[in-house]
Amino acid sequence: QVQVVESGGGLVQAGGSLRLSCAASGRIFSNYPMGWFRQTPGKEREFVASIGWAAGYTDYADSVKGRFTISRDNAKNTVYLQMNSVKPEDTAVYYCAAGKQYLGNSVRSPDATSYWGKGTLVTVSS
């Protein structure tokens, strides 16, 4: 059974930091790109960051570039999202997803994903 479980969300003040984790099991996720997406009520799920299967390629939305860092530990089947200098507009439910493309370098579209977690809520207070 494939599982993707996010953790690490919570309440943080603007300017602060938070680290999200995504633990995957039930499949060899190390051969696939992984992505973080976020969603707020009434809006579509949007791309935040992704990392290639070999971790050498990372991709970020313009809104988080320079503030967020995605990384992965394939030995632990875990992906991380380090969030620094957070802003109130970063408030959202953050989802982790596995890309469909074997040995892919990026996953920017929700349509290009195969497995999703249930999300973790990040709230940034001003």
# chains A, B, ... in the order shown; residues from 1 in each chain; ligands from 1
$ residues_around --residues "Ser114 of chain A" --least-positions-apart "4" --cutoff "10 Å" --atoms "only C-alpha atoms" --output "count of residues only"
6
$ closest_atom_pairs --of "segment 39-125 of chain A" --to "segment 20-27 of chain A" --cutoff "7 Å" --atoms "only C-alpha atoms" --output "Markdown table"
| residue | atom | partner | partner_atom | distance |
| --- | --- | --- | --- | --- |
| A:Asn77 | CA | A:Ala24 | CA | 5.5 |
| A:Thr78 | CA | A:Ala23 | CA | 4.5 |
| A:Val79 | CA | A:Cys22 | CA | 5.0 |
| A:Tyr80 | CA | A:Ser21 | CA | 4.5 |
| A:Leu81 | CA | A:Leu20 | CA | 5.0 |
| A:Gln82 | CA | A:Leu20 | CA | 6.4 |
| A:Cys96 | CA | A:Cys22 | CA | 6.3 |
$ write_last_selection --atoms "N, CA and C atoms" --output "mmCIF file, in the first residue's frame"
data_model
loop_
_atom_site.group_PDB
_atom_site.id
_atom_site.type_symbol
_atom_site.label_atom_id
_atom_site.label_comp_id
_atom_site.auth_asym_id
_atom_site.auth_seq_id
_atom_site.Cartn_x
_atom_site.Cartn_y
_atom_site.Cartn_z
ATOM 1 N N ASN A 77 13.460 7.703 2.243
ATOM 2 C CA ASN A 77 12.239 7.937 1.463
ATOM 3 C C ASN A 77 11.492 9.164 1.986
ATOM 4 N N THR A 78 12.233 10.217 2.243
ATOM 5 C CA THR A 78 11.652 11.418 2.846
ATOM 6 C C THR A 78 12.063 12.656 2.059
ATOM 7 N N VAL A 79 11.117 13.556 1.915
ATOM 8 C CA VAL A 79 11.344 14.836 1.261
ATOM 9 C C VAL A 79 11.063 15.944 2.265
ATOM 10 N N TYR A 80 11.833 17.004 2.198
ATOM 11 C CA TYR A 80 11.690 18.108 3.142
ATOM 12 C C TYR A 80 11.419 19.411 2.406
ATOM 13 N N LEU A 81 10.757 20.302 3.093
ATOM 14 C CA LEU A 81 10.593 21.667 2.593
ATOM 15 C C LEU A 81 10.951 22.616 3.729
ATOM 16 N N GLN A 82 12.105 23.235 3.610
ATOM 17 C CA GLN A 82 12.539 24.225 4.595
ATOM 18 C C GLN A 82 11.965 25.573 4.185
ATOM 19 N N CYS A 96 2.285 17.033 -0.234
ATOM 20 C CA CYS A 96 3.422 16.390 -0.878
ATOM 21 C C CYS A 96 2.867 15.411 -1.911
#
$ atom_distance --atom1 "atom CA of Val86 of chain A" --atom2 "atom CA of Thr40 of chain A"
15.7 Å
$ select_by_dssp --residues "segment 3-126 of chain A" --states "strand (DSSP E or B)" --output "MDAnalysis selection string"
chainID A and resid 3:7 10:13 18:25 34:39 46:51 58:60 68:73 78:83 92:99 113:116 120:125
$ atom_distance --atom1 "atom CA of Ser50 of chain A" --atom2 "atom CA of Ser126 of chain A"
27.1 Å
$ closest_residue --among "A:Ala14, A:Ala55, A:Gly8, A:Tyr94" --to "Met34 of chain A" --atoms "only C-alpha atoms"
A:Ala55
$ closest_residue --among "A:Leu103, A:Leu11, A:Ala112, A:Val93" --to "Lys43 of chain A" --atoms "only C-alpha atoms"
A:Val93
$ closest_residue --among "A:Ile70, A:Ala49, A:Val2, A:Lys76" --to "Arg19 of chain A" --atoms "only C-alpha atoms"
A:Ile70
$ select_by_dssp --residues "segment 1-95 of chain A" --states "helix (DSSP H, G or I)" --output "JSON, numbers by chain"
{"A": [29, 30, 31, 88, 89, 90]}
$ closest_residue --among "A:Ser125, A:Ser30, A:Thr91, A:Thr113" --to "Gly9 of chain A" --atoms "only C-alpha atoms"
A:Thr91
$ residues_around --residues "Gly56 of chain A" --least-positions-apart "5" --cutoff "10 Å" --atoms "only C-alpha atoms" --output "number ranges by chain"
A: 51, 71, 105
$ write_last_selection --atoms "C-alpha atoms" --output "compact mmCIF listing (two decimals), in the first residue's frame"
# COMPACT_ATOMS: atom_id res chain seq x y z
CA ILE A 51 13.03 17.95 -6.68
CA SER A 71 15.59 18.47 -0.32
CA ASN A 105 13.65 15.96 -12.81
$ atom_distance --atom1 "atom CA of Arg38 of chain A" --atom2 "atom CA of Glu6 of chain A"
12.0 Å
$ closest_residue --among "A:Met83, A:Val124, A:Ser106, A:Gly119" --to "Tyr32 of chain A" --atoms "only C-alpha atoms"
A:Ser106
$ residues_around --residues "Ala61 of chain A" --least-positions-apart "5" --cutoff "10 Å" --atoms "only C-alpha atoms" --output "PyMOL selection string"
chain A and resi 37+46-50+66+68+108
$ residues_around --residues "Gly10 of chain A" --least-positions-apart "6" --cutoff "7 Å" --atoms "only C-alpha atoms" --output "list of chain:residue names"
A:Leu121, A:Val122, A:Thr123
$ decode --residues "segment 48-64 of chain A" --atoms "all heavy atoms" --output "compact mmCIF listing (two decimals), in the first residue's frame"
# COMPACT_ATOMS: atom_id res chain seq x y z
N VAL A 48 4.60 24.60 -5.50
CA VAL A 48 5.52 25.31 -4.61
C VAL A 48 6.97 24.99 -4.97
O VAL A 48 7.78 25.88 -5.23
CB VAL A 48 5.26 24.95 -3.14
CG1 VAL A 48 6.29 25.61 -2.23
CG2 VAL A 48 3.85 25.35 -2.72
N ALA A 49 7.29 23.69 -4.97
CA ALA A 49 8.67 23.29 -5.24
C ALA A 49 8.70 21.82 -5.63
O ALA A 49 7.80 21.06 -5.26
CB ALA A 49 9.55 23.50 -4.01
N SER A 50 9.72 21.44 -6.39
CA SER A 50 9.90 20.03 -6.70
C SER A 50 11.37 19.70 -6.76
O SER A 50 12.23 20.59 -6.90
CB SER A 50 9.20 19.65 -8.01
OG SER A 50 9.93 20.10 -9.13
N ILE A 51 11.65 18.41 -6.66
CA ILE A 51 13.03 17.95 -6.68
C ILE A 51 13.10 16.69 -7.52
O ILE A 51 12.23 15.83 -7.46
CB ILE A 51 13.54 17.71 -5.24
CG1 ILE A 51 15.04 17.39 -5.24
CG2 ILE A 51 12.74 16.63 -4.52
CD1 ILE A 51 15.67 17.50 -3.86
N GLY A 52 14.14 16.60 -8.31
CA GLY A 52 14.30 15.46 -9.18
C GLY A 52 14.67 14.19 -8.43
O GLY A 52 15.03 14.23 -7.25
N TRP A 53 14.62 13.06 -9.14
CA TRP A 53 14.86 11.78 -8.50
C TRP A 53 16.25 11.70 -7.89
O TRP A 53 16.44 11.08 -6.85
CB TRP A 53 14.65 10.65 -9.51
CG TRP A 53 15.77 10.55 -10.51
CD1 TRP A 53 15.95 11.30 -11.64
CD2 TRP A 53 16.88 9.66 -10.45
NE1 TRP A 53 17.10 10.95 -12.29
CE2 TRP A 53 17.69 9.93 -11.59
CE3 TRP A 53 17.27 8.66 -9.56
CZ2 TRP A 53 18.86 9.24 -11.83
CZ3 TRP A 53 18.45 7.96 -9.82
CH2 TRP A 53 19.23 8.25 -10.93
N ALA A 54 17.22 12.34 -8.50
CA ALA A 54 18.60 12.28 -8.01
C ALA A 54 18.96 13.48 -7.15
O ALA A 54 20.11 13.63 -6.76
CB ALA A 54 19.57 12.19 -9.18
N ALA A 55 17.97 14.31 -6.86
CA ALA A 55 18.15 15.48 -5.98
C ALA A 55 19.04 16.56 -6.57
O ALA A 55 19.27 17.57 -5.93
CB ALA A 55 18.68 15.07 -4.60
N GLY A 56 19.56 16.38 -7.78
CA GLY A 56 20.43 17.39 -8.35
C GLY A 56 19.68 18.52 -9.03
O GLY A 56 20.27 19.53 -9.39
N TYR A 57 18.39 18.34 -9.22
CA TYR A 57 17.60 19.36 -9.90
C TYR A 57 16.47 19.79 -9.00
O TYR A 57 15.70 18.96 -8.51
CB TYR A 57 17.03 18.79 -11.20
CG TYR A 57 16.33 19.82 -12.04
CD1 TYR A 57 17.01 20.56 -13.00
CD2 TYR A 57 14.97 20.07 -11.87
CE1 TYR A 57 16.35 21.53 -13.75
CE2 TYR A 57 14.31 21.02 -12.63
CZ TYR A 57 15.01 21.75 -13.57
OH TYR A 57 14.36 22.70 -14.31
N THR A 58 16.36 21.08 -8.75
CA THR A 58 15.26 21.62 -7.95
C THR A 58 14.56 22.72 -8.74
O THR A 58 15.16 23.37 -9.59
CB THR A 58 15.75 22.18 -6.61
OG1 THR A 58 16.77 23.16 -6.85
CG2 THR A 58 16.30 21.08 -5.72
N ASP A 59 13.30 22.91 -8.42
CA ASP A 59 12.48 23.85 -9.16
C ASP A 59 11.56 24.53 -8.16
O ASP A 59 11.03 23.87 -7.26
CB ASP A 59 11.66 23.08 -10.21
CG ASP A 59 10.99 23.99 -11.21
OD1 ASP A 59 11.31 25.19 -11.26
OD2 ASP A 59 10.12 23.50 -11.95
N TYR A 60 11.38 25.84 -8.30
CA TYR A 60 10.59 26.59 -7.32
C TYR A 60 9.61 27.54 -8.01
O TYR A 60 9.90 28.09 -9.08
CB TYR A 60 11.49 27.42 -6.41
CG TYR A 60 12.44 26.60 -5.57
CD1 TYR A 60 13.72 26.31 -6.00
CD2 TYR A 60 12.03 26.09 -4.33
CE1 TYR A 60 14.59 25.56 -5.23
CE2 TYR A 60 12.89 25.34 -3.56
CZ TYR A 60 14.17 25.07 -4.02
OH TYR A 60 15.01 24.32 -3.25
N ALA A 61 8.50 27.76 -7.36
CA ALA A 61 7.60 28.81 -7.78
C ALA A 61 8.28 30.16 -7.49
O ALA A 61 9.03 30.28 -6.53
CB ALA A 61 6.28 28.72 -7.03
N ASP A 62 8.00 31.14 -8.31
CA ASP A 62 8.62 32.45 -8.13
C ASP A 62 8.31 33.03 -6.75
O ASP A 62 9.13 33.73 -6.16
CB ASP A 62 8.14 33.42 -9.21
CG ASP A 62 8.73 33.10 -10.57
OD1 ASP A 62 9.73 32.37 -10.64
OD2 ASP A 62 8.17 33.58 -11.57
N SER A 63 7.14 32.73 -6.24
CA SER A 63 6.70 33.30 -4.97
C SER A 63 7.50 32.80 -3.77
O SER A 63 7.48 33.43 -2.71
CB SER A 63 5.21 33.02 -4.74
OG SER A 63 4.98 31.62 -4.74
N VAL A 64 8.20 31.68 -3.91
CA VAL A 64 8.96 31.13 -2.78
C VAL A 64 10.45 31.04 -3.06
O VAL A 64 11.22 30.70 -2.16
CB VAL A 64 8.43 29.73 -2.39
CG1 VAL A 64 6.92 29.77 -2.14
CG2 VAL A 64 8.78 28.68 -3.43
